[in-house]
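*Asks:* As input, take model_1.txt (compact mmCIF, C-alpha atoms and all ligand atoms):
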```txt
# COMPACT_ATOMS: atom_id res chain seq x y z
CA MET A 1 84.40 100.89 70.71
CA PRO A 2 81.49 98.40 70.82
CA ASP A 3 78.15 100.10 71.00
CA TRP A 4 77.20 99.13 74.56
CA GLN A 5 73.57 99.43 75.48
CA ILE A 6 74.62 99.73 79.11
CA PRO A 7 78.27 100.71 79.65
CA LEU A 8 80.27 99.74 82.74
CA THR A 9 80.64 103.37 83.70
CA ASP A 10 79.64 106.81 82.45
CA LEU A 11 80.85 110.34 83.19
CA ASP A 12 78.65 112.88 84.93
CA TYR A 13 79.85 115.92 82.95
CA GLY A 14 77.81 119.02 82.09
CA THR A 15 78.05 122.74 81.39
CA ASP A 16 79.90 123.41 84.67
CA GLU A 17 82.83 121.31 83.44
CA THR A 18 82.78 123.09 80.07
CA GLU A 19 82.78 126.51 81.75
CA ALA A 20 85.64 125.49 84.04
CA VAL A 21 87.80 124.49 81.07
CA VAL A 22 87.02 127.70 79.18
CA ARG A 23 87.92 129.75 82.29
CA VAL A 24 91.37 128.14 82.32
CA LEU A 25 91.91 128.60 78.57
CA GLN A 26 91.07 132.28 78.91
CA SER A 27 93.50 132.68 81.82
CA LYS A 28 96.37 131.49 79.56
CA TRP A 29 98.05 129.69 82.49
CA LEU A 30 97.97 125.94 81.85
CA SER A 31 99.94 124.00 84.46
CA MET A 32 100.49 124.15 88.23
CA GLY A 33 98.85 127.45 89.12
CA PRO A 34 95.84 128.81 91.01
CA GLU A 35 93.42 126.05 89.93
CA VAL A 36 95.76 123.30 91.16
CA GLU A 37 96.39 125.14 94.45
CA THR A 38 92.68 125.69 95.02
CA PHE A 39 91.80 122.11 94.06
CA GLU A 40 94.35 120.84 96.61
CA GLN A 41 92.86 123.08 99.32
CA GLU A 42 89.28 122.12 98.50
CA PHE A 43 90.19 118.43 98.42
CA SER A 44 91.85 118.76 101.84
CA SER A 45 88.87 120.48 103.37
CA GLN A 46 86.32 118.10 101.82
CA LEU A 47 88.17 115.03 103.07
CA LYS A 48 89.58 116.56 106.26
CA ALA A 49 93.06 115.68 105.02
CA GLY A 50 95.99 117.62 106.44
CA ASN A 51 97.78 118.06 103.12
CA SER A 52 96.82 117.22 99.54
CA ILE A 53 99.31 117.13 96.68
CA ALA A 54 97.84 116.91 93.17
CA VAL A 55 99.78 114.72 90.73
CA SER A 56 99.53 113.48 87.17
CA ASN A 57 97.81 110.15 87.96
CA GLY A 58 97.08 107.60 90.68
CA THR A 59 100.14 105.53 89.87
CA ALA A 60 102.34 108.61 90.36
CA ALA A 61 100.60 109.15 93.71
CA LEU A 62 101.56 105.62 94.81
CA HIS A 63 105.12 106.03 93.51
CA LEU A 64 105.56 109.32 95.39
CA ALA A 65 104.12 107.92 98.64
CA LEU A 66 106.56 105.00 98.56
CA LEU A 67 109.53 107.22 97.60
CA ALA A 68 108.79 109.91 100.16
CA LEU A 69 108.46 107.30 102.94
CA GLY A 70 111.96 106.12 102.00
CA ILE A 71 110.92 102.62 100.93
CA GLY A 72 113.52 101.01 98.66
CA PRO A 73 115.84 98.08 98.01
CA GLY A 74 115.82 95.41 100.74
CA ASP A 75 112.37 96.43 101.94
CA SER A 76 109.23 94.42 101.49
CA VAL A 77 105.70 95.81 101.24
CA VAL A 78 102.75 93.61 102.19
CA GLN A 79 99.74 94.30 99.95
CA PRO A 80 96.60 92.64 98.61
CA ALA A 81 96.77 90.05 95.81
CA ILE A 82 93.50 91.50 94.51
CA ASN A 83 94.23 95.06 93.40
CA PHE A 84 94.93 97.06 90.29
CA VAL A 85 98.56 96.32 89.39
CA ALA A 86 99.81 99.88 90.03
CA SER A 87 100.65 99.39 93.73
CA ALA A 88 102.67 96.27 93.00
CA ASN A 89 104.40 97.87 90.00
CA MET A 90 105.36 100.97 92.00
CA THR A 91 106.68 98.79 94.83
CA VAL A 92 108.99 97.17 92.28
CA ALA A 93 109.80 100.61 90.79
CA VAL A 94 111.29 101.83 94.10
CA GLY A 95 113.34 98.61 94.33
CA ALA A 96 111.26 96.97 97.07
CA LYS A 97 109.57 93.58 97.05
CA PRO A 98 105.78 93.19 96.93
CA VAL A 99 104.50 90.46 99.26
CA PHE A 100 100.95 89.44 98.43
CA ALA A 101 98.41 88.74 101.17
CA ASP A 102 95.10 86.98 100.71
CA ILE A 103 91.69 88.67 100.94
CA THR A 104 89.31 88.19 103.86
CA SER A 105 86.59 86.39 101.87
CA LEU A 106 84.99 86.36 98.45
CA ASP A 107 82.40 88.94 99.46
CA GLU A 108 84.97 91.04 101.37
CA PRO A 109 87.87 91.09 98.90
CA MET A 110 90.11 93.39 100.96
CA ILE A 111 93.43 92.48 102.53
CA ASP A 112 92.92 90.19 105.55
CA PRO A 113 94.59 91.50 108.75
CA GLU A 114 95.24 87.90 109.87
CA GLU A 115 97.07 87.16 106.60
CA ILE A 116 99.16 90.33 106.97
CA LYS A 117 100.41 89.10 110.36
CA LYS A 118 101.68 85.85 108.84
CA LEU A 119 103.75 87.71 106.21
CA ILE A 120 105.56 90.27 108.37
CA ASN A 121 109.29 89.72 108.82
CA SER A 122 112.37 91.86 109.45
CA ASP A 123 112.32 93.22 105.85
CA THR A 124 108.74 94.49 106.08
CA ARG A 125 108.57 98.30 106.00
CA ALA A 126 105.03 99.08 104.90
CA ILE A 127 101.54 97.77 104.27
CA ILE A 128 99.43 98.90 101.33
CA VAL A 129 95.67 98.48 101.71
CA MET A 130 93.12 99.01 98.94
CA HIS A 131 89.54 99.96 99.77
CA TYR A 132 88.02 97.64 97.19
CA GLY A 133 85.05 99.01 95.27
CA GLY A 134 84.85 101.92 97.71
CA TYR A 135 84.17 99.64 100.71
CA LEU A 136 86.66 100.26 103.48
CA CYS A 137 89.22 97.84 104.86
CA GLN A 138 89.40 96.71 108.48
CA MET A 139 91.56 99.69 109.33
CA PRO A 140 91.54 99.59 113.17
CA ALA A 141 93.03 96.05 113.08
CA ILE A 142 95.53 97.01 110.38
CA GLN A 143 96.53 100.20 112.21
CA LYS A 144 97.25 98.08 115.29
CA ILE A 145 99.51 95.77 113.26
CA CYS A 146 101.38 98.80 111.86
CA GLU A 147 101.86 100.25 115.36
CA ASP A 148 103.03 96.92 116.81
CA HIS A 149 105.59 96.39 114.03
CA ARG A 150 106.39 100.07 113.34
CA LEU A 151 105.30 99.90 109.71
CA PHE A 152 104.12 102.62 107.35
CA LEU A 153 100.51 102.33 106.19
CA ILE A 154 99.69 103.43 102.64
CA GLU A 155 96.08 103.57 101.49
CA ASP A 156 95.36 102.95 97.83
CA ALA A 157 92.10 104.90 97.99
CA CYS A 158 91.58 105.07 94.22
CA HIS A 159 88.13 103.43 94.55
CA ALA A 160 87.19 105.22 97.72
CA VAL A 161 87.18 108.98 97.25
CA GLY A 162 84.60 110.32 99.69
CA ALA A 163 84.10 107.00 101.54
CA MET A 164 83.91 107.44 105.31
CA TYR A 165 83.86 105.28 108.44
CA LEU A 166 80.62 105.78 110.30
CA GLY A 167 79.13 104.08 113.29
CA VAL A 168 82.16 101.97 114.23
CA PHE A 169 82.64 103.99 117.41
CA PRO A 170 84.64 103.59 119.61
CA SER A 171 87.32 103.44 116.99
CA SER A 172 90.38 105.25 115.74
CA VAL A 173 88.74 105.75 112.35
CA GLU A 174 85.27 107.02 113.23
CA GLY A 175 84.28 109.96 110.99
CA LYS A 176 87.45 109.69 108.91
CA TYR A 177 87.59 109.51 105.13
CA ALA A 178 89.43 106.80 103.24
CA GLY A 179 92.93 107.98 102.41
CA THR A 180 93.30 110.08 105.58
CA ILE A 181 93.93 107.25 108.03
CA GLY A 182 97.37 105.88 107.15
CA SER A 183 100.74 107.57 106.58
CA ALA A 184 99.64 108.52 103.06
CA GLY A 185 96.52 108.15 100.90
CA CYS A 186 96.61 107.80 97.11
CA PHE A 187 93.78 108.72 94.74
CA SER A 188 93.20 108.49 90.99
CA PHE A 189 91.03 110.75 88.85
CA PHE A 190 91.16 108.51 85.77
CA SER A 191 88.06 108.75 83.55
CA ASN A 192 86.23 105.83 85.15
CA LYS A 193 86.73 106.86 88.80
CA ASN A 194 84.13 108.51 91.06
CA LEU A 195 85.91 111.86 90.62
CA ALA A 196 87.08 111.98 86.99
CA THR A 197 89.38 114.41 85.22
CA GLY A 198 90.68 112.08 82.47
CA GLU A 199 94.08 111.62 84.07
CA GLY A 200 95.04 112.84 87.51
CA GLY A 201 95.73 111.87 91.09
CA MET A 202 96.26 113.09 94.64
CA VAL A 203 98.40 112.16 97.61
CA THR A 204 97.07 113.06 101.05
CA THR A 205 99.02 113.01 104.28
CA GLY A 206 98.75 114.42 107.76
CA ASP A 207 102.55 114.65 107.98
CA VAL A 208 103.80 118.09 106.95
CA GLU A 209 107.39 116.98 106.34
CA LEU A 210 106.23 114.08 104.18
CA ALA A 211 104.06 116.53 102.20
CA VAL A 212 107.11 118.74 101.55
CA ARG A 213 109.12 115.77 100.27
CA ILE A 214 106.24 114.68 98.03
CA ARG A 215 105.95 118.20 96.58
CA HIS A 216 109.67 118.22 95.83
CA PHE A 217 109.59 114.76 94.21
CA ARG A 218 106.58 115.85 92.12
CA SER A 219 108.58 118.50 90.28
CA HIS A 220 112.24 117.51 89.76
CA GLY A 221 113.25 117.95 93.40
CA MET A 222 113.04 121.72 92.88
CA THR A 223 112.27 124.08 95.74
CA THR A 224 110.13 126.48 93.66
CA LEU A 225 107.66 126.20 90.80
CA THR A 226 107.45 128.18 87.54
CA TRP A 227 104.23 129.59 89.01
CA ASP A 228 106.13 130.96 92.06
CA ARG A 229 108.66 132.63 89.78
CA HIS A 230 105.91 133.97 87.48
CA ARG A 231 104.30 135.63 90.47
CA GLY A 232 107.68 137.07 91.47
CA HIS A 233 107.72 135.08 94.73
CA SER A 234 111.19 133.78 93.92
CA SER A 235 113.66 134.10 91.11
CA SER A 236 115.74 130.97 91.59
CA TYR A 237 115.58 127.48 93.00
CA ASP A 238 117.64 124.67 94.47
CA VAL A 239 117.30 120.96 93.71
CA VAL A 240 117.16 119.16 97.05
CA GLN A 241 116.52 115.61 95.87
CA HIS A 242 116.32 113.63 92.62
CA GLY A 243 112.77 114.12 91.51
CA TYR A 244 110.33 113.48 88.69
CA ASN A 245 107.76 115.34 86.67
CA TYR A 246 104.43 114.22 88.10
CA ARG A 247 102.79 117.66 87.91
CA PHE A 248 99.05 118.22 87.51
CA ASP A 249 97.64 120.84 85.15
CA GLU A 250 95.16 123.68 85.39
CA ILE A 251 92.51 122.32 83.02
CA ARG A 252 92.22 119.06 84.91
CA ALA A 253 92.32 120.82 88.28
CA ALA A 254 89.42 123.01 87.17
CA LEU A 255 87.51 119.85 86.14
CA GLY A 256 88.42 118.26 89.45
CA ARG A 257 86.99 121.20 91.39
CA VAL A 258 83.61 120.82 89.66
CA GLN A 259 83.66 117.05 90.11
CA LEU A 260 84.53 117.45 93.80
CA GLN A 261 81.36 119.49 94.31
CA LYS A 262 79.31 116.64 92.87
CA LEU A 263 81.23 113.89 94.61
CA LEU A 264 79.18 113.17 97.72
CA SER A 265 75.81 113.47 95.98
CA ASN A 266 77.00 111.19 93.17
CA ASN A 267 78.31 108.68 95.73
CA GLN A 268 74.84 108.81 97.30
CA LYS A 269 73.26 108.08 93.90
CA ARG A 270 75.63 105.15 93.47
CA LYS A 271 74.49 103.87 96.86
CA ILE A 272 70.83 103.90 95.81
CA ILE A 273 71.69 102.06 92.56
CA SER A 274 73.67 99.52 94.55
CA GLU A 275 70.62 98.95 96.75
CA TRP A 276 68.51 98.29 93.63
CA TYR A 277 71.06 95.63 92.71
CA ASP A 278 70.80 94.16 96.22
CA GLN A 279 67.02 93.85 95.91
CA GLN A 280 67.25 92.19 92.50
CA LEU A 281 70.10 89.84 93.30
CA SER A 282 69.35 88.80 96.86
CA GLY A 283 67.06 85.97 95.70
CA MET A 284 69.62 84.43 93.31
CA LYS A 285 70.81 81.15 94.74
CA GLY A 286 74.55 80.68 95.04
CA TRP A 287 75.46 84.27 94.16
CA GLN A 288 77.11 86.67 96.60
CA ILE A 289 77.40 90.46 96.50
CA VAL A 290 80.59 92.26 97.53
CA LYS A 291 79.77 94.45 100.50
CA THR A 292 81.56 94.96 103.74
CA ARG A 293 81.23 94.05 107.37
CA ASN A 294 82.59 97.44 108.36
CA ASN A 295 79.92 99.98 109.01
CA LEU A 296 80.56 102.91 106.75
CA ASP A 297 79.49 105.39 104.17
CA ALA A 298 80.99 103.73 101.11
CA SER A 299 81.75 105.40 97.79
CA HIS A 300 80.20 102.51 95.78
CA HIS A 301 82.78 102.69 93.03
CA LEU A 302 82.02 99.17 91.79
CA GLU A 303 79.12 96.72 91.84
CA VAL A 304 80.70 93.28 92.06
CA VAL A 305 78.95 89.91 92.26
CA ILE A 306 80.46 86.48 92.91
CA SER A 307 79.04 83.75 90.71
CA PRO A 308 78.45 80.24 92.11
CA ASP A 309 81.29 78.80 89.98
CA GLU A 310 83.61 79.62 87.08
CA ALA A 311 81.38 78.06 84.40
CA THR A 312 78.41 80.17 85.50
CA ARG A 313 80.63 83.24 85.46
CA ASN A 314 81.70 82.60 81.89
CA ARG A 315 78.11 81.97 80.81
CA ALA A 316 76.89 85.15 82.52
CA VAL A 317 79.65 87.31 81.02
CA GLN A 318 78.85 85.95 77.56
CA ALA A 319 75.11 86.57 78.00
CA LEU A 320 75.75 90.14 79.18
CA ARG A 321 77.96 90.75 76.18
CA GLU A 322 75.31 89.46 73.80
CA ALA A 323 72.82 91.85 75.40
CA ARG A 324 75.40 94.64 74.82
CA ILE A 325 75.90 95.11 78.56
CA GLN A 326 79.51 95.77 79.50
CA SER A 327 81.02 93.87 82.42
CA SER A 328 84.55 93.50 83.73
CA LEU A 329 86.81 91.77 86.24
CA HIS A 330 88.37 93.75 89.07
CA TYR A 331 90.90 92.11 89.19
CA PRO A 332 92.93 89.16 87.99
CA CYS A 333 95.10 87.91 90.88
CA ILE A 334 98.38 89.90 90.66
CA PRO A 335 100.87 87.10 91.51
CA ASP A 336 99.49 85.13 88.54
CA PHE A 337 100.55 87.82 86.04
CA LYS A 338 103.63 86.88 84.00
CA ALA A 339 105.69 89.80 85.35
CA PHE A 340 105.01 88.67 88.93
CA LEU A 341 105.46 84.93 88.47
CA LYS A 342 108.40 84.81 90.86
CA GLU A 343 105.92 85.86 93.52
CA ALA A 344 103.40 83.21 92.41
CA ALA A 345 104.33 80.70 95.09
CA CYS A 346 102.40 82.84 97.57
CA ASN A 347 99.49 81.25 99.30
CA VAL A 348 96.39 83.25 98.28
CA PRO A 349 93.64 80.67 97.57
CA ARG A 350 90.74 83.03 98.23
CA SER A 351 92.18 85.68 95.87
CA ARG A 352 92.59 83.07 93.13
CA GLU A 353 89.03 81.85 93.62
CA PHE A 354 87.76 85.43 93.59
CA SER A 355 89.41 86.11 90.21
CA LYS A 356 87.64 83.09 88.74
CA ARG A 357 84.19 83.99 90.01
CA ALA A 358 83.85 87.79 90.30
CA ILE A 359 81.97 89.93 87.78
CA THR A 360 81.90 93.73 87.83
CA LEU A 361 78.51 95.03 86.69
CA PRO A 362 77.63 98.49 85.33
CA LEU A 363 77.37 101.22 87.97
CA PHE A 364 77.35 104.97 87.40
CA PRO A 365 75.40 107.84 89.01
CA THR A 366 72.97 108.32 86.12
CA MET A 367 72.04 104.63 85.82
CA SER A 368 68.29 103.94 85.93
CA GLN A 369 66.37 101.31 87.88
CA THR A 370 65.22 99.81 84.56
CA GLN A 371 68.84 99.36 83.51
CA VAL A 372 69.64 97.61 86.80
CA GLU A 373 66.67 95.29 86.25
CA GLN A 374 67.85 94.53 82.70
CA VAL A 375 71.32 93.54 83.94
CA CYS A 376 69.90 91.36 86.70
CA ARG A 377 67.44 89.62 84.38
CA ILE A 378 70.29 88.53 82.11
CA LEU A 379 72.29 87.29 85.10
CA SER A 380 69.37 85.37 86.47
CA HIS A 381 68.74 83.65 83.09
CA ALA A 382 72.40 82.75 82.63
CA SER A 383 72.44 81.36 86.14
CA LYS A 384 69.60 78.90 85.43
CA GLU A 385 70.83 77.56 82.09
C1 LIG B 1 92.87 103.48 88.94
C2 LIG B 1 93.63 102.82 90.01
C3 LIG B 1 95.01 103.01 90.19
C4 LIG B 1 95.87 103.78 89.22
O1 LIG B 1 95.46 105.06 88.92
P1 LIG B 1 95.88 105.73 87.52
O2 LIG B 1 95.36 107.12 87.68
O3 LIG B 1 95.23 104.98 86.44
O4 LIG B 1 97.37 105.71 87.45
C5 LIG B 1 95.62 102.40 91.25
N1 LIG B 1 94.93 101.63 92.12
C6 LIG B 1 93.62 101.41 91.97
C7 LIG B 1 92.89 100.56 92.98
C8 LIG B 1 92.92 101.98 90.91
O5 LIG B 1 91.62 101.72 90.78
```
Written as structure tokens, that's how I'd like the structure from this file.
Ligand SMILES: *Cc1c(COP(=O)(O)O)cnc(C)c1O

*Replies:*
Amino acid sequence: MPDWQIPLTDLDYGTDETEAVVRVLQSKWLSMGPEVETFEQEFSSQLKAGNSIAVSNGTAALHLALLALGIGPGDSVVQPAINFVASANMTVAVGAKPVFADITSLDEPMIDPEEIKKLINSDTRAIIVMHYGGYLCQMPAIQKICEDHRLFLIEDACHAVGAMYLGVFPSSVEGKYAGTIGSAGCFSFFSNKNLATGEGGMVTTGDVELAVRIRHFRSHGMTTLTWDRHRGHSSSYDVVQHGYNYRFDEIRAALGRVQLQKLLSNNQKRKIISEWYDQQLSGMKGWQIVKTRNNLDASHHLEVVISPDEATRNRAVQALREARIQSSLHYPCIPDFKAFLKEAACNVPRSREFSKRAITLPLFPTMSQTQVEQVCRILSHASKE
């Protein structure tokens, strides 16, 4: 690994995480037990989600949401062209067709409700939204589209754990957390996410029957778990559908519980750091900062700037690298990936432009103001060259 002076992201782990892991090791019960059950309950109560189902990763969460909603061959799923590739891959995995919609604008790189409308036809069964960088999508407009066309709404909330709509009253989403608005919400606890357990994920849903189907799919379609049988709650099981093994384990659940306690305060720290970036970058001519028009309490997962043009982007990325500052691109435009080339004819000019000009800058809860200034100084220099 290169020795970054400022990494893109950093874990907030301490003795509480260590103690949680030791507690599980001493219990000698390693998968799907009391820690997972408690983590699910605590996640539900923190996010005011009806049901939470812990799974092995965020991609599994998306796969299970699509499967449990009955989406499959012949169906199409409208989703953003700017996203991590998991949603599109899982759409293909269930046999459905991803249909890519353009983003609203370069500084609001979330799926555009007006673009969704143009892409709906008789095959459309669902819409996937992704709350980019922890900034929320225009959910009231998208909910309306889903109601009008009787479509399922899946939230890829992997960036947005703990992000909430505030001050958009009167609205159907006021006071709600990302991932609890649509038919199902999908979260990832990968190492670089706001709530990190290494690998891990969660599906949330207000629909009890959907939750039951997701639980069955998570563990081979079986009606009971090894944990239930260990406790003597049941001695046998039936298999009610063809399922998978997407189970979560006790060590990660214990880590997740500690991370959940820190979540909102760490999101608040991210917000302050993001404001430092705003102050530093606001004077830079031709640059834009990804924010959102929607009033909300964001989770500030990513700090993303849009450079004036592609050449400036390349120069800035190179200069950051030379200063041992890590940067990234979230994300290349999905329909331009080789595996999705048959979808490439789609009309997503803003997404393509975004991929050429966006830069993700370091952002993590323990980042200092001096570090933010260092990053911005390099950007500002590269911009003038
Ligand atoms: C991380 C991420 C995923 C996938 O989660 P994994 O846990 O890595 O499988 C999906 N969508 C988005 C937007 C993500 O950021």

*Asks:* Between CA of Leu153 in chain A and CA of Leu264 in chain A, what is the spacing in Å?

*Replies:*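 Spanning CA of Leu264 in chain A to CA of Leu153 in chain A is a straight-line distance of 25.4 Å.
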
*Asks:* Please provide as an mmCIF file with C-alpha atoms, in the coordinates of the input all residues within 8 Å of Phe354 in chain A, with the sequence filter that same-chain residues fewer than 6 positions apart are discarded (counting all atoms listed in the file).

*Replies:*
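Full text of out_21.cif as output:
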```cif
data_model
loop_
_atom_site.group_PDB
_atom_site.id
_atom_site.type_symbol
_atom_site.label_atom_id
_atom_site.label_comp_id
_atom_site.auth_asym_id
_atom_site.auth_seq_id
_atom_site.Cartn_x
_atom_site.Cartn_y
_atom_site.Cartn_z
ATOM 1 C CA LEU A 106 84.990 86.360 98.450
ATOM 2 C CA PRO A 109 87.870 91.090 98.900
ATOM 3 C CA ILE A 306 80.460 86.480 92.910
#
```

*Asks:* Of the candidates A:Gly72, A:Gly185, A:Gly14, A:Pro7, which one gets nearest to ligand LIG 1 (chain B) if we count all atoms listed in the file?

*Replies:*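 With all atoms listed in the file as the atom set, the closest residue is A:Gly185.
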
*Asks:* Around the point (74.6, 110.0, 92.9) in the file's coordinates, collect all residues with an atom within 10 Å, using all atoms listed in the file, and return them as a list in words.

*Replies:* Asp12, Asn194, Lys262, Leu263, Leu264, Ser265, Asn266, Asn267, Gln268, Lys269, Arg270, Lys271, Ile272, Ile273, Ser299, His300, Phe364, Pro365, Thr366 and Met367 of chain A

*Asks:* So, counting only C-alpha atoms, which residue among A:Ser171, A:Thr9, A:Gln371, A:Asn121 is closest to Gln280 in chain A?

*Replies:*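 For Gln280 in chain A, the nearest of the given residues is A:Gln371.
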
*Asks:* If I take CA of Phe39 in chain A and CA of Gly182 in chain A, how far is one from the other in Å, to one decimal?

*Replies:* 21.6 Å

*Asks:* What is the distance, in Å and to one decimal place, between CA of Cys146 in chain A and CA of Met164 in chain A?

*Replies:* 20.6 Å

*Asks:* Using only C-alpha atoms and all ligand atoms, what are the residues with an atom within 9 Å of ligand LIG 1 (chain B), set out as an MDAnalysis selection string?

*Replies:* chainID A and resid 56:62 83:87 130:133 156:160 186:193 198:201 330

*Asks:* Go through A:Ile181, A:Val94, A:Ala141, A:Met32 and flag the residue nearest Asp228 in chain A, using all atoms listed in the file for the distances.

*Replies:* A:Met32

*Asks:* Could you add whatever atoms are missing so that range 224-242 of chain A carries N, CA, C and O atoms, then write the result as a PDB file, in the frame of the given file?

*Replies:*
```
ATOM      1  N   THR A 224     111.203 125.557  94.087  1.00  0.00           N
ATOM      2  CA  THR A 224     110.130 126.480  93.660  1.00  0.00           C
ATOM      3  C   THR A 224     109.553 126.015  92.338  1.00  0.00           C
ATOM      4  O   THR A 224     110.156 125.236  91.604  1.00  0.00           O
ATOM      5  N   LEU A 225     108.354 126.537  92.047  1.00  0.00           N
ATOM      6  CA  LEU A 225     107.660 126.200  90.800  1.00  0.00           C
ATOM      7  C   LEU A 225     107.731 127.376  89.833  1.00  0.00           C
ATOM      8  O   LEU A 225     107.902 128.521  90.256  1.00  0.00           O
ATOM      9  N   THR A 226     107.529 127.102  88.549  1.00  0.00           N
ATOM     10  CA  THR A 226     107.450 128.180  87.540  1.00  0.00           C
ATOM     11  C   THR A 226     106.406 129.214  87.962  1.00  0.00           C
ATOM     12  O   THR A 226     106.594 130.412  87.787  1.00  0.00           O
ATOM     13  N   TRP A 227     105.312 128.713  88.545  1.00  0.00           N
ATOM     14  CA  TRP A 227     104.230 129.590  89.010  1.00  0.00           C
ATOM     15  C   TRP A 227     104.737 130.562  90.090  1.00  0.00           C
ATOM     16  O   TRP A 227     104.399 131.746  90.080  1.00  0.00           O
ATOM     17  N   ASP A 228     105.571 130.082  91.024  1.00  0.00           N
ATOM     18  CA  ASP A 228     106.130 130.960  92.060  1.00  0.00           C
ATOM     19  C   ASP A 228     106.985 132.053  91.423  1.00  0.00           C
ATOM     20  O   ASP A 228     106.941 133.218  91.821  1.00  0.00           O
ATOM     21  N   ARG A 229     107.760 131.660  90.414  1.00  0.00           N
ATOM     22  CA  ARG A 229     108.660 132.630  89.780  1.00  0.00           C
ATOM     23  C   ARG A 229     107.857 133.619  88.930  1.00  0.00           C
ATOM     24  O   ARG A 229     108.154 134.805  88.899  1.00  0.00           O
ATOM     25  N   HIS A 230     106.797 133.098  88.272  1.00  0.00           N
ATOM     26  CA  HIS A 230     105.910 133.970  87.480  1.00  0.00           C
ATOM     27  C   HIS A 230     105.305 135.057  88.363  1.00  0.00           C
ATOM     28  O   HIS A 230     105.177 136.205  87.960  1.00  0.00           O
ATOM     29  N   ARG A 231     104.931 134.665  89.568  1.00  0.00           N
ATOM     30  CA  ARG A 231     104.300 135.630  90.470  1.00  0.00           C
ATOM     31  C   ARG A 231     105.335 136.538  91.147  1.00  0.00           C
ATOM     32  O   ARG A 231     104.987 137.387  91.954  1.00  0.00           O
ATOM     33  N   GLY A 232     106.621 136.258  90.870  1.00  0.00           N
ATOM     34  CA  GLY A 232     107.680 137.070  91.470  1.00  0.00           C
ATOM     35  C   GLY A 232     107.999 136.684  92.901  1.00  0.00           C
ATOM     36  O   GLY A 232     108.689 137.400  93.616  1.00  0.00           O
ATOM     37  N   HIS A 233     107.457 135.498  93.353  1.00  0.00           N
ATOM     38  CA  HIS A 233     107.720 135.080  94.730  1.00  0.00           C
ATOM     39  C   HIS A 233     109.153 134.606  94.913  1.00  0.00           C
ATOM     40  O   HIS A 233     109.657 134.545  96.024  1.00  0.00           O
ATOM     41  N   SER A 234     109.796 134.193  93.821  1.00  0.00           N
ATOM     42  CA  SER A 234     111.190 133.780  93.920  1.00  0.00           C
ATOM     43  C   SER A 234     111.778 133.859  92.521  1.00  0.00           C
ATOM     44  O   SER A 234     111.060 133.826  91.527  1.00  0.00           O
ATOM     45  N   SER A 235     113.061 133.972  92.444  1.00  0.00           N
ATOM     46  CA  SER A 235     113.660 134.100  91.110  1.00  0.00           C
ATOM     47  C   SER A 235     114.587 132.927  90.823  1.00  0.00           C
ATOM     48  O   SER A 235     115.057 132.759  89.711  1.00  0.00           O
ATOM     49  N   SER A 236     114.840 132.094  91.819  1.00  0.00           N
ATOM     50  CA  SER A 236     115.740 130.970  91.590  1.00  0.00           C
ATOM     51  C   SER A 236     115.230 129.740  92.351  1.00  0.00           C
ATOM     52  O   SER A 236     114.162 129.778  92.954  1.00  0.00           O
ATOM     53  N   TYR A 237     115.989 128.680  92.282  1.00  0.00           N
ATOM     54  CA  TYR A 237     115.580 127.480  93.000  1.00  0.00           C
ATOM     55  C   TYR A 237     116.793 126.608  93.289  1.00  0.00           C
ATOM     56  O   TYR A 237     117.839 126.751  92.664  1.00  0.00           O
ATOM     57  N   ASP A 238     116.629 125.704  94.242  1.00  0.00           N
ATOM     58  CA  ASP A 238     117.640 124.670  94.470  1.00  0.00           C
ATOM     59  C   ASP A 238     116.991 123.335  94.126  1.00  0.00           C
ATOM     60  O   ASP A 238     115.757 123.222  94.065  1.00  0.00           O
ATOM     61  N   VAL A 239     117.811 122.321  93.884  1.00  0.00           N
ATOM     62  CA  VAL A 239     117.300 120.960  93.710  1.00  0.00           C
ATOM     63  C   VAL A 239     117.764 120.166  94.922  1.00  0.00           C
ATOM     64  O   VAL A 239     118.965 119.994  95.131  1.00  0.00           O
ATOM     65  N   VAL A 240     116.798 119.760  95.760  1.00  0.00           N
ATOM     66  CA  VAL A 240     117.160 119.160  97.050  1.00  0.00           C
ATOM     67  C   VAL A 240     117.089 117.637  97.046  1.00  0.00           C
ATOM     68  O   VAL A 240     117.523 116.986  97.987  1.00  0.00           O
ATOM     69  N   GLN A 241     116.518 117.068  96.005  1.00  0.00           N
ATOM     70  CA  GLN A 241     116.520 115.610  95.870  1.00  0.00           C
ATOM     71  C   GLN A 241     116.286 115.275  94.399  1.00  0.00           C
ATOM     72  O   GLN A 241     115.928 116.157  93.620  1.00  0.00           O
ATOM     73  N   HIS A 242     116.516 114.005  94.020  1.00  0.00           N
ATOM     74  CA  HIS A 242     116.320 113.630  92.620  1.00  0.00           C
ATOM     75  C   HIS A 242     114.844 113.352  92.388  1.00  0.00           C
ATOM     76  O   HIS A 242     114.322 112.375  92.899  1.00  0.00           O
TER      77      HIS A 242
END
```
